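Novice: File my_file-v3.tsv follows (TSV, C-alpha atoms):
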```
chain	number	residue	atom	x	y	z
A	1	MET	CA	75.43	140.73	-14.79
A	2	ALA	CA	79.18	141.32	-14.27
A	3	LYS	CA	78.52	144.96	-13.40
A	4	MET	CA	75.86	143.98	-10.85
A	5	LYS	CA	78.21	141.43	-9.27
A	6	ASP	CA	80.98	144.05	-9.10
A	7	PHE	CA	78.60	146.57	-7.54
A	8	GLY	CA	77.45	144.04	-4.95
A	9	GLN	CA	81.04	143.31	-4.02
A	10	ARG	CA	81.79	147.03	-3.69
A	11	MET	CA	78.73	147.49	-1.45
A	12	ARG	CA	79.92	144.72	0.88
A	13	PHE	CA	83.38	146.23	1.08
A	14	LEU	CA	81.80	149.63	1.69
A	15	GLY	CA	79.72	148.39	4.63
A	16	PHE	CA	82.78	146.74	6.17
A	17	SER	CA	84.90	149.86	5.69
A	18	ILE	CA	82.34	152.18	7.34
A	19	PHE	CA	82.28	150.00	10.45
A	20	LEU	CA	86.08	149.59	10.45
A	21	ASN	CA	86.60	153.33	10.05
A	22	SER	CA	84.18	154.17	12.86
A	23	ALA	CA	85.57	151.57	15.26
A	24	ALA	CA	89.20	152.45	14.53
A	25	ASN	CA	88.63	156.20	14.95
A	26	ALA	CA	86.76	155.62	18.21
A	27	LEU	CA	89.60	153.39	19.41
A	28	THR	CA	92.19	156.11	18.84
A	29	ILE	CA	90.06	158.61	20.77
A	30	SER	CA	89.73	156.18	23.69
A	31	THR	CA	93.50	155.73	24.00
A	32	ASN	CA	93.82	159.49	24.67
A	33	LEU	CA	97.17	159.43	22.89
A	34	GLY	CA	96.15	161.25	19.73
A	35	SER	CA	93.83	160.50	16.85
A	36	ALA	CA	94.00	160.94	13.10
A	37	VAL	CA	94.14	164.61	12.18
A	38	TRP	CA	90.50	164.94	11.04
A	39	THR	CA	89.20	163.07	14.09
A	40	GLY	CA	91.35	165.09	16.44
A	41	SER	CA	90.09	168.32	14.93
A	42	SER	CA	86.48	167.14	15.40
A	43	VAL	CA	87.08	166.33	19.06
A	44	ASN	CA	88.61	169.77	19.65
A	45	LEU	CA	85.84	171.52	17.72
A	46	ALA	CA	83.19	169.67	19.78
A	47	SER	CA	84.91	170.79	22.98
A	48	TRP	CA	85.14	174.37	21.72
A	49	ILE	CA	81.51	174.78	20.65
A	50	HIS	CA	80.07	172.46	23.36
A	51	VAL	CA	78.19	170.19	20.96
A	52	PRO	CA	78.17	166.34	21.15
A	53	LEU	CA	80.92	164.74	19.08
A	54	GLY	CA	78.55	162.91	16.70
A	55	THR	CA	76.64	166.09	15.85
A	56	THR	CA	79.86	168.07	15.49
A	57	MET	CA	81.28	165.50	13.06
A	58	PHE	CA	78.05	165.58	11.06
A	59	ILE	CA	78.02	169.40	10.72
A	60	TYR	CA	81.76	169.42	10.01
A	61	GLY	CA	81.17	166.85	7.26
A	62	ILE	CA	78.53	169.02	5.59
A	63	VAL	CA	80.98	171.95	5.45
A	64	ILE	CA	83.66	169.74	3.83
A	65	THR	CA	81.05	168.35	1.42
A	66	ILE	CA	80.45	171.89	0.14
A	67	MET	CA	84.22	172.44	-0.10
A	68	ASN	CA	84.52	169.32	-2.26
A	69	GLN	CA	82.03	170.76	-4.75
A	70	LEU	CA	84.15	173.90	-4.99
A	71	PHE	CA	87.29	171.85	-5.69
A	72	LEU	CA	85.46	169.93	-8.41
A	73	GLY	CA	84.54	173.22	-10.05
A	74	ARG	CA	81.00	172.02	-10.72
A	75	PHE	CA	78.03	170.66	-8.81
A	76	ASP	CA	78.21	166.87	-8.67
A	77	ARG	CA	74.86	165.78	-7.25
A	78	ARG	CA	75.85	162.11	-6.86
A	79	ARG	CA	78.99	163.04	-4.96
A	80	PHE	CA	77.16	165.56	-2.78
A	81	VAL	CA	74.51	163.02	-1.79
A	82	SER	CA	77.11	160.27	-1.25
A	83	ASN	CA	79.10	162.46	1.14
A	84	ILE	CA	75.99	163.19	3.19
A	85	LEU	CA	74.98	159.51	3.21
A	86	TYR	CA	78.38	158.53	4.58
A	87	ILE	CA	78.58	161.00	7.43
A	88	ILE	CA	75.13	160.14	8.84
A	89	PRO	CA	76.08	156.64	10.12
A	90	PHE	CA	79.80	157.32	10.55
A	91	SER	CA	79.52	160.42	12.74
A	92	TYR	CA	77.31	158.75	15.33
A	93	LEU	CA	78.98	155.32	15.15
A	94	VAL	CA	82.26	156.93	16.23
A	95	GLU	CA	80.56	158.42	19.28
A	96	TRP	CA	78.64	155.24	20.20
A	97	ILE	CA	81.51	152.79	19.63
A	98	GLY	CA	83.70	155.15	21.66
A	99	TYR	CA	81.44	154.48	24.66
A	100	PHE	CA	82.09	150.77	24.16
A	101	TRP	CA	85.89	151.17	24.09
A	102	ASN	CA	85.69	153.36	27.19
A	103	TRP	CA	83.54	150.71	28.90
A	104	LEU	CA	86.24	148.13	28.13
A	105	GLY	CA	88.74	150.41	29.88
A	106	VAL	CA	91.01	151.19	26.93
A	107	GLY	CA	91.85	154.60	28.38
A	108	GLN	CA	92.97	153.05	31.69
A	109	LEU	CA	95.54	150.69	30.17
A	110	GLY	CA	99.26	151.28	30.62
A	111	LEU	CA	101.14	153.57	28.24
A	112	PRO	CA	102.88	150.82	26.18
A	113	ALA	CA	99.55	149.05	25.58
A	114	ARG	CA	97.79	152.28	24.61
A	115	ILE	CA	100.58	153.18	22.16
A	116	ILE	CA	100.20	149.81	20.43
A	117	ILE	CA	96.39	150.12	20.39
A	118	ASP	CA	96.62	153.67	19.04
A	119	ILE	CA	98.84	152.52	16.17
A	120	ILE	CA	96.45	149.63	15.47
A	121	GLY	CA	93.54	152.08	15.38
A	122	LEU	CA	95.32	154.48	13.05
A	123	THR	CA	96.29	151.61	10.75
A	124	GLY	CA	92.65	150.53	10.71
A	125	VAL	CA	91.62	154.05	9.70
A	126	ALA	CA	94.07	154.06	6.79
A	127	PHE	CA	92.93	150.59	5.66
A	128	ALA	CA	89.26	151.64	5.82
A	129	VAL	CA	89.88	154.79	3.80
A	130	SER	CA	91.77	152.81	1.16
A	131	ILE	CA	88.89	150.32	0.89
A	132	TYR	CA	86.04	152.78	0.49
A	133	GLN	CA	88.02	155.10	-1.76
A	134	ARG	CA	88.47	152.16	-4.10
A	135	CYS	CA	84.77	151.29	-3.84
A	136	ASN	CA	83.89	154.92	-4.63
A	137	ILE	CA	80.16	154.49	-4.00
A	138	ILE	CA	79.76	156.78	-1.03
A	139	MET	CA	82.70	158.38	0.73
A	140	HIS	CA	83.36	160.47	3.82
A	141	PRO	CA	83.72	164.08	2.63
A	142	ASN	CA	87.04	164.43	4.46
A	143	ASP	CA	88.54	161.54	2.52
A	144	ASP	CA	86.73	162.53	-0.67
A	145	LEU	CA	88.61	165.83	-0.41
A	146	SER	CA	91.88	163.89	-0.40
A	147	TYR	CA	90.57	161.71	-3.25
A	148	ILE	CA	89.65	164.72	-5.39
A	149	ILE	CA	93.02	166.38	-4.79
A	150	ARG	CA	94.80	163.07	-5.41
A	151	PHE	CA	93.28	162.29	-8.80
A	152	ARG	CA	92.42	165.75	-10.12
A	153	PHE	CA	95.57	167.63	-9.19
A	154	LEU	CA	98.34	165.23	-8.09
A	155	HIS	CA	98.32	162.37	-10.62
A	156	GLY	CA	97.31	159.75	-8.03
A	157	SER	CA	99.85	160.48	-5.28
A	158	SER	CA	98.21	159.37	-2.00
A	159	ILE	CA	100.96	160.79	0.24
A	160	ILE	CA	101.00	164.36	-1.13
A	161	ALA	CA	97.19	164.44	-1.41
A	162	GLN	CA	96.84	163.38	2.23
A	163	TRP	CA	99.15	166.16	3.36
A	164	ALA	CA	97.39	168.77	1.23
A	165	SER	CA	93.97	167.76	2.58
A	166	TYR	CA	95.12	168.29	6.17
A	167	LEU	CA	95.01	172.09	5.93
A	168	PRO	CA	91.34	172.43	7.10
A	169	PRO	CA	91.64	170.17	10.18
A	170	VAL	CA	94.97	171.66	11.23
A	171	THR	CA	93.39	175.11	10.99
A	172	ILE	CA	90.47	173.95	13.20
A	173	ILE	CA	92.89	172.50	15.76
A	174	VAL	CA	94.86	175.76	15.96
A	175	LEU	CA	91.71	177.90	16.25
A	176	SER	CA	90.25	175.58	18.90
A	177	TYR	CA	93.43	175.80	20.95
A	178	LEU	CA	93.52	179.59	20.69
A	179	ALA	CA	89.88	179.76	21.82
A	180	THR	CA	90.03	177.25	24.69
A	181	GLY	CA	93.69	176.89	25.62
A	182	GLN	CA	93.25	173.11	25.51
A	183	LEU	CA	94.02	170.29	23.11
A	184	HIS	CA	92.11	167.00	23.00
A	185	ALA	CA	92.90	163.80	21.05
A	186	ILE	CA	96.11	165.39	19.78
A	187	GLY	CA	99.44	163.78	20.54
A	188	PHE	CA	101.58	160.83	19.52
A	189	GLY	CA	98.87	159.35	17.31
A	190	THR	CA	98.32	162.59	15.44
A	191	ILE	CA	102.00	162.84	14.53
A	192	TRP	CA	101.99	159.16	13.57
A	193	ALA	CA	99.00	159.72	11.28
A	194	LEU	CA	100.53	162.83	9.70
A	195	VAL	CA	103.70	160.92	8.86
A	196	THR	CA	102.33	157.52	7.90
A	197	GLN	CA	98.67	157.60	6.85
A	198	GLY	CA	99.22	158.42	3.18
A	199	ALA	CA	101.91	155.75	2.86
A	200	VAL	CA	99.80	153.14	4.69
A	201	MET	CA	96.86	153.92	2.41
A	202	GLY	CA	99.09	153.47	-0.63
A	203	TRP	CA	100.28	150.11	0.75
A	204	ALA	CA	96.71	149.06	1.51
A	205	ASP	CA	95.63	149.90	-2.06
A	206	VAL	CA	97.92	147.10	-3.24
A	207	HIS	CA	97.88	144.59	-0.40
A	208	VAL	CA	94.52	144.86	1.44
A	209	PHE	CA	91.82	143.18	-0.66
A	210	PRO	CA	93.95	143.58	-3.81
A	211	ARG	CA	91.13	142.41	-6.10
A	212	LEU	CA	89.25	145.61	-5.19
A	213	LYS	CA	90.44	148.16	-7.74
A	214	HIS	CA	89.98	151.94	-7.84
A	215	HIS	CA	86.76	153.03	-9.53
A	216	VAL	CA	88.01	156.47	-10.48
A	217	ASP	CA	85.38	158.99	-11.60
A	218	ILE	CA	87.41	162.22	-11.83
```
Show me, as structure tokens, the structure contained in the file I just sent.
Specialist:
Amino acid sequence: MAKMKDFGQRMRFLGFSIFLNSAANALTISTNLGSAVWTGSSVNLASWIHVPLGTTMFIYGIVITIMNQLFLGRFDRRRFVSNILYIIPFSYLVEWIGYFWNWLGVGQLGLPARIIIDIIGLTGVAFAVSIYQRCNIIMHPNDDLSYIIRFRFLHGSSIIAQWASYLPPVTIIVLSYLATGQLHAIGFGTIWALVTQGAVMGWADVHVFPRLKHHVDI
């Protein structure tokens, strides 16, 4: 009974975190001041290959899902399926909620307001990742990559793991720029995320829904 109650609680936190993650990522895109590194790389990849953002994020997620299996060194069917289950709603929610933020006129606000909103969005992303990493039921493959690195190779360090997991998106951003000569959703917010996201996640692990503990399976 206790296990079922715990699982139900984790599912509720998971649902909340998926919506929070989608809305916060879409908000950072709408500010046009720079998004989290993974999101920014998806926006640039979508522009490069001329595919809608939601579909690009879904395909991108499948590639990272396969990469996660390689880092595990074995095929983990539960993890593979969970990664796919996460990216299906998340990828398209980001695109659809982005239309809502644009409709509200977020991108037309003054610079000071957009800076504050961008920071709020990036903080929301870090909080959401902390929540669903602790739930560990289904997880976005991008953040599962950080999770695997964090607990398999780096003894739980969220900051170093976050930096290490940024190599694929940074590579995509560079290649996209070389191919198109343009950068999208890269700017102040991207630098902010690079510097702070791991630390904010670590803070959130302790202070945001502190009764939700890590369910580590590595």
Novice: Out of A:Val51, A:Ile131, A:Ala36, A:Met11, which residue has the shortest atom-to-atom distance to His207 in chain A when counting all atoms listed in the file?
Specialist: A:Ile131
Novice: In terms of the shortest atom-to-atom distance over only C-alpha atoms, which of A:Leu45, A:Val206, A:Ala199, A:Ile97 is closest to Ser22 in chain A?
Specialist: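 Smallest separation from Ser22 in chain A among the options: A:Ile97.
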Novice: Quote the spacing between CA of Trp103 in chain A and CA of Phe90 in chain A in Å to one decimal place.
Specialist: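 Atom-to-atom, CA of Trp103 in chain A and CA of Phe90 in chain A are spaced 19.9 Å apart.
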Novice: Counting all atoms listed in the file, which of A:Ile116, A:Val37, A:Ile159, A:Ala164 gets nearest to Gly187 in chain A?
Specialist: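 Closest to Gly187 in chain A of all the choices is A:Val37.
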Novice: May I ask which of the residues A:Ser91, A:Ser41, A:Thr196, A:Thr65 is the closest one to Ala126 in chain A, counting only C-alpha atoms?
Specialist: A:Thr196
Novice: List the neighbours of Tyr147 in chain A out to 9 Å using only C-alpha atoms; skip same-chain residues closer than 3 positions along the sequence, and give me the result as a PyMOL selection string.
Specialist: chain A and resi 133+142-144+150-152+156+158+161-162
Novice: With all atoms listed in the file as the counted atoms, please give the residues lying no more than 7 Å from His215 in chain A, apart from itself and same-chain residues fewer than 3 positions off, as a ChimeraX atom specification.
Specialist: /A:134-136
Novice: In Å, with one decimal, what is the gap from CA of Ile148 in chain A to CA of Val129 in chain A?
Specialist: 13.5 Å
Novice: Return as JSON the centre and edge lengths, in Å with one decimal, of the box along x, y and z that encloses every atom of range 16-20 of chain A in the file, padded by 8 Å per side.
Specialist:
```
{"center_x": 84.2, "center_y": 149.5, "center_z": 8.1, "size_x": 19.8, "size_y": 21.4, "size_z": 20.8}
```
Novice: Just checking: using only C-alpha atoms, which residue out of A:Met67, A:Leu145, A:Met57, A:Val125 ends up closest to Leu20 in chain A?
Specialist: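 The answer is A:Val125, which sits nearest to Leu20 in chain A.
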Novice: Can you put N, CA and C atoms back into range 136-168 of chain A and show it as a PDB file, keeping the file's coordinate frame?
Specialist:
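Final output, selection.pdb:
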```pdb
ATOM      1  N   ASN A 136      84.382 153.669  -4.038  1.00  0.00           N
ATOM      2  CA  ASN A 136      83.890 154.920  -4.630  1.00  0.00           C
ATOM      3  C   ASN A 136      82.386 154.876  -4.914  1.00  0.00           C
ATOM      4  N   ILE A 137      81.627 154.436  -3.906  1.00  0.00           N
ATOM      5  CA  ILE A 137      80.160 154.490  -4.000  1.00  0.00           C
ATOM      6  C   ILE A 137      79.663 155.664  -3.173  1.00  0.00           C
ATOM      7  N   ILE A 138      79.914 155.596  -1.876  1.00  0.00           N
ATOM      8  CA  ILE A 138      79.760 156.780  -1.030  1.00  0.00           C
ATOM      9  C   ILE A 138      81.065 156.906  -0.248  1.00  0.00           C
ATOM     10  N   MET A 139      81.413 158.140   0.111  1.00  0.00           N
ATOM     11  CA  MET A 139      82.700 158.380   0.730  1.00  0.00           C
ATOM     12  C   MET A 139      82.591 159.500   1.744  1.00  0.00           C
ATOM     13  N   HIS A 140      83.340 159.371   2.855  1.00  0.00           N
ATOM     14  CA  HIS A 140      83.360 160.470   3.820  1.00  0.00           C
ATOM     15  C   HIS A 140      83.905 161.707   3.133  1.00  0.00           C
ATOM     16  N   PRO A 141      83.254 162.863   3.312  1.00  0.00           N
ATOM     17  CA  PRO A 141      83.720 164.080   2.630  1.00  0.00           C
ATOM     18  C   PRO A 141      85.162 164.432   2.931  1.00  0.00           C
ATOM     19  N   ASN A 142      85.643 164.136   4.142  1.00  0.00           N
ATOM     20  CA  ASN A 142      87.040 164.430   4.460  1.00  0.00           C
ATOM     21  C   ASN A 142      87.978 163.656   3.538  1.00  0.00           C
ATOM     22  N   ASP A 143      87.694 162.372   3.353  1.00  0.00           N
ATOM     23  CA  ASP A 143      88.540 161.540   2.520  1.00  0.00           C
ATOM     24  C   ASP A 143      88.257 161.751   1.040  1.00  0.00           C
ATOM     25  N   ASP A 144      87.032 162.175   0.712  1.00  0.00           N
ATOM     26  CA  ASP A 144      86.730 162.530  -0.670  1.00  0.00           C
ATOM     27  C   ASP A 144      87.537 163.756  -1.078  1.00  0.00           C
ATOM     28  N   LEU A 145      87.763 164.663  -0.138  1.00  0.00           N
ATOM     29  CA  LEU A 145      88.610 165.830  -0.410  1.00  0.00           C
ATOM     30  C   LEU A 145      90.000 165.380  -0.824  1.00  0.00           C
ATOM     31  N   SER A 146      90.566 164.442  -0.051  1.00  0.00           N
ATOM     32  CA  SER A 146      91.880 163.890  -0.400  1.00  0.00           C
ATOM     33  C   SER A 146      91.833 163.186  -1.745  1.00  0.00           C
ATOM     34  N   TYR A 147      90.739 162.456  -1.993  1.00  0.00           N
ATOM     35  CA  TYR A 147      90.570 161.710  -3.250  1.00  0.00           C
ATOM     36  C   TYR A 147      90.524 162.654  -4.445  1.00  0.00           C
ATOM     37  N   ILE A 148      89.763 163.734  -4.310  1.00  0.00           N
ATOM     38  CA  ILE A 148      89.650 164.720  -5.390  1.00  0.00           C
ATOM     39  C   ILE A 148      91.008 165.355  -5.677  1.00  0.00           C
ATOM     40  N   ILE A 149      91.701 165.772  -4.624  1.00  0.00           N
ATOM     41  CA  ILE A 149      93.020 166.380  -4.790  1.00  0.00           C
ATOM     42  C   ILE A 149      93.980 165.372  -5.421  1.00  0.00           C
ATOM     43  N   ARG A 150      93.881 164.115  -4.945  1.00  0.00           N
ATOM     44  CA  ARG A 150      94.800 163.070  -5.410  1.00  0.00           C
ATOM     45  C   ARG A 150      94.682 162.824  -6.906  1.00  0.00           C
ATOM     46  N   PHE A 151      93.454 162.686  -7.402  1.00  0.00           N
ATOM     47  CA  PHE A 151      93.280 162.290  -8.800  1.00  0.00           C
ATOM     48  C   PHE A 151      93.033 163.467  -9.741  1.00  0.00           C
ATOM     49  N   ARG A 152      92.639 164.623  -9.224  1.00  0.00           N
ATOM     50  CA  ARG A 152      92.420 165.750 -10.120  1.00  0.00           C
ATOM     51  C   ARG A 152      93.669 166.614 -10.264  1.00  0.00           C
ATOM     52  N   PHE A 153      94.453 166.693  -9.177  1.00  0.00           N
ATOM     53  CA  PHE A 153      95.570 167.630  -9.190  1.00  0.00           C
ATOM     54  C   PHE A 153      96.953 166.990  -9.034  1.00  0.00           C
ATOM     55  N   LEU A 154      97.032 165.777  -8.478  1.00  0.00           N
ATOM     56  CA  LEU A 154      98.340 165.230  -8.090  1.00  0.00           C
ATOM     57  C   LEU A 154      98.656 163.887  -8.745  1.00  0.00           C
ATOM     58  N   HIS A 155      97.988 163.551  -9.809  1.00  0.00           N
ATOM     59  CA  HIS A 155      98.320 162.370 -10.620  1.00  0.00           C
ATOM     60  C   HIS A 155      98.339 161.082  -9.787  1.00  0.00           C
ATOM     61  N   GLY A 156      97.461 160.984  -8.775  1.00  0.00           N
ATOM     62  CA  GLY A 156      97.310 159.750  -8.030  1.00  0.00           C
ATOM     63  C   GLY A 156      98.191 159.581  -6.812  1.00  0.00           C
ATOM     64  N   SER A 157      98.954 160.596  -6.427  1.00  0.00           N
ATOM     65  CA  SER A 157      99.850 160.480  -5.280  1.00  0.00           C
ATOM     66  C   SER A 157      99.062 160.550  -3.968  1.00  0.00           C
ATOM     67  N   SER A 158      98.989 159.414  -3.247  1.00  0.00           N
ATOM     68  CA  SER A 158      98.210 159.370  -2.000  1.00  0.00           C
ATOM     69  C   SER A 158      98.896 160.157  -0.892  1.00  0.00           C
ATOM     70  N   ILE A 159     100.222 160.146  -0.857  1.00  0.00           N
ATOM     71  CA  ILE A 159     100.960 160.790   0.240  1.00  0.00           C
ATOM     72  C   ILE A 159     100.809 162.308   0.174  1.00  0.00           C
ATOM     73  N   ILE A 160     101.072 162.900  -1.001  1.00  0.00           N
ATOM     74  CA  ILE A 160     101.000 164.360  -1.130  1.00  0.00           C
ATOM     75  C   ILE A 160      99.549 164.832  -0.975  1.00  0.00           C
ATOM     76  N   ALA A 161      98.610 164.066  -1.526  1.00  0.00           N
ATOM     77  CA  ALA A 161      97.190 164.440  -1.410  1.00  0.00           C
ATOM     78  C   ALA A 161      96.743 164.440   0.046  1.00  0.00           C
ATOM     79  N   GLN A 162      97.214 163.449   0.819  1.00  0.00           N
ATOM     80  CA  GLN A 162      96.840 163.380   2.230  1.00  0.00           C
ATOM     81  C   GLN A 162      97.356 164.597   2.976  1.00  0.00           C
ATOM     82  N   TRP A 163      98.581 164.979   2.712  1.00  0.00           N
ATOM     83  CA  TRP A 163      99.150 166.160   3.360  1.00  0.00           C
ATOM     84  C   TRP A 163      98.392 167.419   2.978  1.00  0.00           C
ATOM     85  N   ALA A 164      98.087 167.563   1.698  1.00  0.00           N
ATOM     86  CA  ALA A 164      97.390 168.770   1.230  1.00  0.00           C
ATOM     87  C   ALA A 164      95.997 168.883   1.852  1.00  0.00           C
ATOM     88  N   SER A 165      95.330 167.733   2.052  1.00  0.00           N
ATOM     89  CA  SER A 165      93.970 167.760   2.580  1.00  0.00           C
ATOM     90  C   SER A 165      93.924 168.046   4.076  1.00  0.00           C
ATOM     91  N   TYR A 166      95.080 168.054   4.731  1.00  0.00           N
ATOM     92  CA  TYR A 166      95.120 168.290   6.170  1.00  0.00           C
ATOM     93  C   TYR A 166      95.019 169.765   6.557  1.00  0.00           C
ATOM     94  N   LEU A 167      95.053 170.661   5.596  1.00  0.00           N
ATOM     95  CA  LEU A 167      95.010 172.090   5.930  1.00  0.00           C
ATOM     96  C   LEU A 167      93.754 172.474   6.715  1.00  0.00           C
ATOM     97  N   PRO A 168      92.529 172.052   6.314  1.00  0.00           N
ATOM     98  CA  PRO A 168      91.340 172.430   7.100  1.00  0.00           C
ATOM     99  C   PRO A 168      91.368 171.908   8.536  1.00  0.00           C
TER     100      PRO A 168
END
```
